[in-house]
Amino acid sequence: NTGFKDRIGIFEVILVDDAIGELIASNPGEGEIMKAARVQKIPDMREDGIIKLLQGLTTIEELERVVDLS
């Protein structure tokens, strides 16, 4: 009785708006896409995991296992 009952996902979403679409057409690296996506203010996987940690849905150990927190 110390584990998790269900699984919960940690998600990251990038909305392909006009700016992201134009960037993708120029064959950018992942870092360039992530930088452009930050304007959308959507949590990345690390931030989503931290939110779920603060909500008590996961533990720091589990979050560190699947996401780089550094």
# chains A, B, ... in the order shown; residues from 1 in each chain; ligands from 1

$ residues_around --residues "Asp48 in chain A" --least-positions-apart "5" --cutoff "12 Å" --atoms "only C-alpha atoms" --output "ChimeraX atom specification"
/A:8-13,41-43,53-55,57-58,63,67,69

$ write_last_selection --atoms "C-alpha atoms" --output "mmCIF file, in the first residue's frame"
data_model
loop_
_atom_site.group_PDB
_atom_site.id
_atom_site.type_symbol
_atom_site.label_atom_id
_atom_site.label_comp_id
_atom_site.auth_asym_id
_atom_site.auth_seq_id
_atom_site.Cartn_x
_atom_site.Cartn_y
_atom_site.Cartn_z
ATOM 1 C CA ILE A 8 -0.686 9.589 -14.643
ATOM 2 C CA GLY A 9 0.901 11.240 -17.643
ATOM 3 C CA ILE A 10 3.295 14.130 -17.766
ATOM 4 C CA PHE A 11 2.635 16.109 -20.905
ATOM 5 C CA GLU A 12 4.127 18.774 -23.109
ATOM 6 C CA VAL A 13 2.172 20.419 -25.911
ATOM 7 C CA LYS A 41 3.203 29.871 -21.938
ATOM 8 C CA ILE A 42 2.184 26.197 -21.965
ATOM 9 C CA PRO A 43 3.996 24.136 -19.298
ATOM 10 C CA LEU A 53 4.189 16.818 -7.621
ATOM 11 C CA LEU A 54 2.762 19.838 -5.774
ATOM 12 C CA GLN A 55 -0.759 18.430 -6.205
ATOM 13 C CA LEU A 57 -0.160 13.117 -7.642
ATOM 14 C CA THR A 58 3.443 11.886 -7.821
ATOM 15 C CA LEU A 63 9.486 12.671 -11.330
ATOM 16 C CA VAL A 67 12.246 14.005 -16.307
ATOM 17 C CA LEU A 69 15.005 18.335 -13.231
#

$ select_by_dssp --residues "chain A" --states "helix (DSSP H, G or I)" --output "tab-separated table (two decimals) with N, CA and C atoms, in the first residue's frame"
chain	number	residue	atom	x	y	z
A	18	ASP	N	0.91	30.11	-36.50
A	18	ASP	CA	1.61	30.60	-37.70
A	18	ASP	C	3.12	30.72	-37.47
A	19	ALA	N	3.52	31.25	-36.31
A	19	ALA	CA	4.95	31.45	-36.04
A	19	ALA	C	5.68	30.11	-35.95
A	20	ILE	N	5.11	29.14	-35.25
A	20	ILE	CA	5.74	27.83	-35.13
A	20	ILE	C	5.74	27.13	-36.49
A	21	GLY	N	4.66	27.27	-37.24
A	21	GLY	CA	4.59	26.66	-38.57
A	21	GLY	C	5.68	27.17	-39.49
A	22	GLU	N	5.90	28.48	-39.48
A	22	GLU	CA	6.96	29.06	-40.31
A	22	GLU	C	8.33	28.57	-39.86
A	23	LEU	N	8.52	28.47	-38.54
A	23	LEU	CA	9.79	28.00	-38.02
A	23	LEU	C	10.04	26.56	-38.44
A	24	ILE	N	9.03	25.72	-38.32
A	24	ILE	CA	9.17	24.31	-38.70
A	24	ILE	C	9.56	24.17	-40.17
A	25	ALA	N	9.02	25.05	-41.01
A	25	ALA	CA	9.34	25.00	-42.44
A	25	ALA	C	10.82	25.28	-42.72
A	30	GLU	N	15.58	21.17	-32.26
A	30	GLU	CA	14.59	21.07	-31.17
A	30	GLU	C	14.65	22.28	-30.25
A	31	GLY	N	15.85	22.76	-29.94
A	31	GLY	CA	16.00	23.91	-29.05
A	31	GLY	C	15.34	25.17	-29.60
A	32	GLU	N	15.44	25.36	-30.90
A	32	GLU	CA	14.81	26.53	-31.52
A	32	GLU	C	13.29	26.45	-31.42
A	33	ILE	N	12.75	25.26	-31.63
A	33	ILE	CA	11.30	25.09	-31.53
A	33	ILE	C	10.85	25.33	-30.09
A	34	MET	N	11.58	24.77	-29.12
A	34	MET	CA	11.21	24.94	-27.71
A	34	MET	C	11.26	26.41	-27.31
A	35	LYS	N	12.27	27.12	-27.79
A	35	LYS	CA	12.40	28.54	-27.46
A	35	LYS	C	11.20	29.32	-28.03
A	36	ALA	N	10.83	29.04	-29.25
A	36	ALA	CA	9.69	29.72	-29.87
A	36	ALA	C	8.39	29.35	-29.18
A	37	ALA	N	8.28	28.11	-28.70
A	37	ALA	CA	7.05	27.66	-28.05
A	37	ALA	C	6.86	28.28	-26.67
A	38	ARG	N	7.93	28.72	-26.02
A	38	ARG	CA	7.81	29.31	-24.68
A	38	ARG	C	6.88	30.52	-24.69
A	39	VAL	N	6.76	31.19	-25.82
A	39	VAL	CA	5.85	32.34	-25.95
A	39	VAL	C	4.41	31.93	-25.66
A	40	GLN	N	4.08	30.66	-25.93
A	40	GLN	CA	2.72	30.16	-25.73
A	40	GLN	C	2.38	29.98	-24.25
A	45	MET	N	7.28	19.54	-20.04
A	45	MET	CA	7.14	18.30	-19.27
A	45	MET	C	7.65	18.47	-17.83
A	46	ARG	N	8.74	19.17	-17.67
A	46	ARG	CA	9.30	19.40	-16.33
A	46	ARG	C	8.32	20.17	-15.47
A	47	GLU	N	7.78	21.25	-16.02
A	47	GLU	CA	6.83	22.09	-15.27
A	47	GLU	C	5.55	21.32	-14.97
A	48	ASP	N	5.05	20.54	-15.93
A	48	ASP	CA	3.84	19.75	-15.71
A	48	ASP	C	4.07	18.74	-14.59
A	49	GLY	N	5.26	18.12	-14.59
A	49	GLY	CA	5.59	17.18	-13.53
A	49	GLY	C	5.64	17.84	-12.16
A	50	ILE	N	6.22	19.03	-12.09
A	50	ILE	CA	6.31	19.76	-10.82
A	50	ILE	C	4.91	20.14	-10.33
A	51	ILE	N	4.04	20.54	-11.24
A	51	ILE	CA	2.65	20.85	-10.86
A	51	ILE	C	2.00	19.61	-10.25
A	52	LYS	N	2.20	18.46	-10.87
A	52	LYS	CA	1.59	17.21	-10.36
A	52	LYS	C	2.24	16.78	-9.05
A	53	LEU	N	3.51	17.08	-8.89
A	53	LEU	CA	4.19	16.82	-7.62
A	53	LEU	C	3.56	17.66	-6.51
A	54	LEU	N	3.36	18.94	-6.77
A	54	LEU	CA	2.76	19.84	-5.77
A	54	LEU	C	1.31	19.48	-5.46
A	60	ILE	N	8.75	13.08	-5.84
A	60	ILE	CA	9.96	13.65	-6.44
A	60	ILE	C	10.81	12.54	-7.05
A	61	GLU	N	10.85	11.38	-6.40
A	61	GLU	CA	11.64	10.27	-6.93
A	61	GLU	C	11.12	9.80	-8.29
A	62	GLU	N	9.81	9.69	-8.41
A	62	GLU	CA	9.22	9.27	-9.68
A	62	GLU	C	9.43	10.34	-10.75
A	63	LEU	N	9.29	11.59	-10.37
A	63	LEU	CA	9.49	12.67	-11.33
A	63	LEU	C	10.93	12.70	-11.82
A	64	GLU	N	11.89	12.55	-10.90
A	64	GLU	CA	13.29	12.52	-11.29
A	64	GLU	C	13.62	11.33	-12.19
A	65	ARG	N	12.87	10.25	-12.04
A	65	ARG	CA	13.12	9.06	-12.85
A	65	ARG	C	12.78	9.30	-14.32
A	66	VAL	N	11.78	10.15	-14.58
A	66	VAL	CA	11.31	10.31	-15.96
A	66	VAL	C	11.62	11.66	-16.59
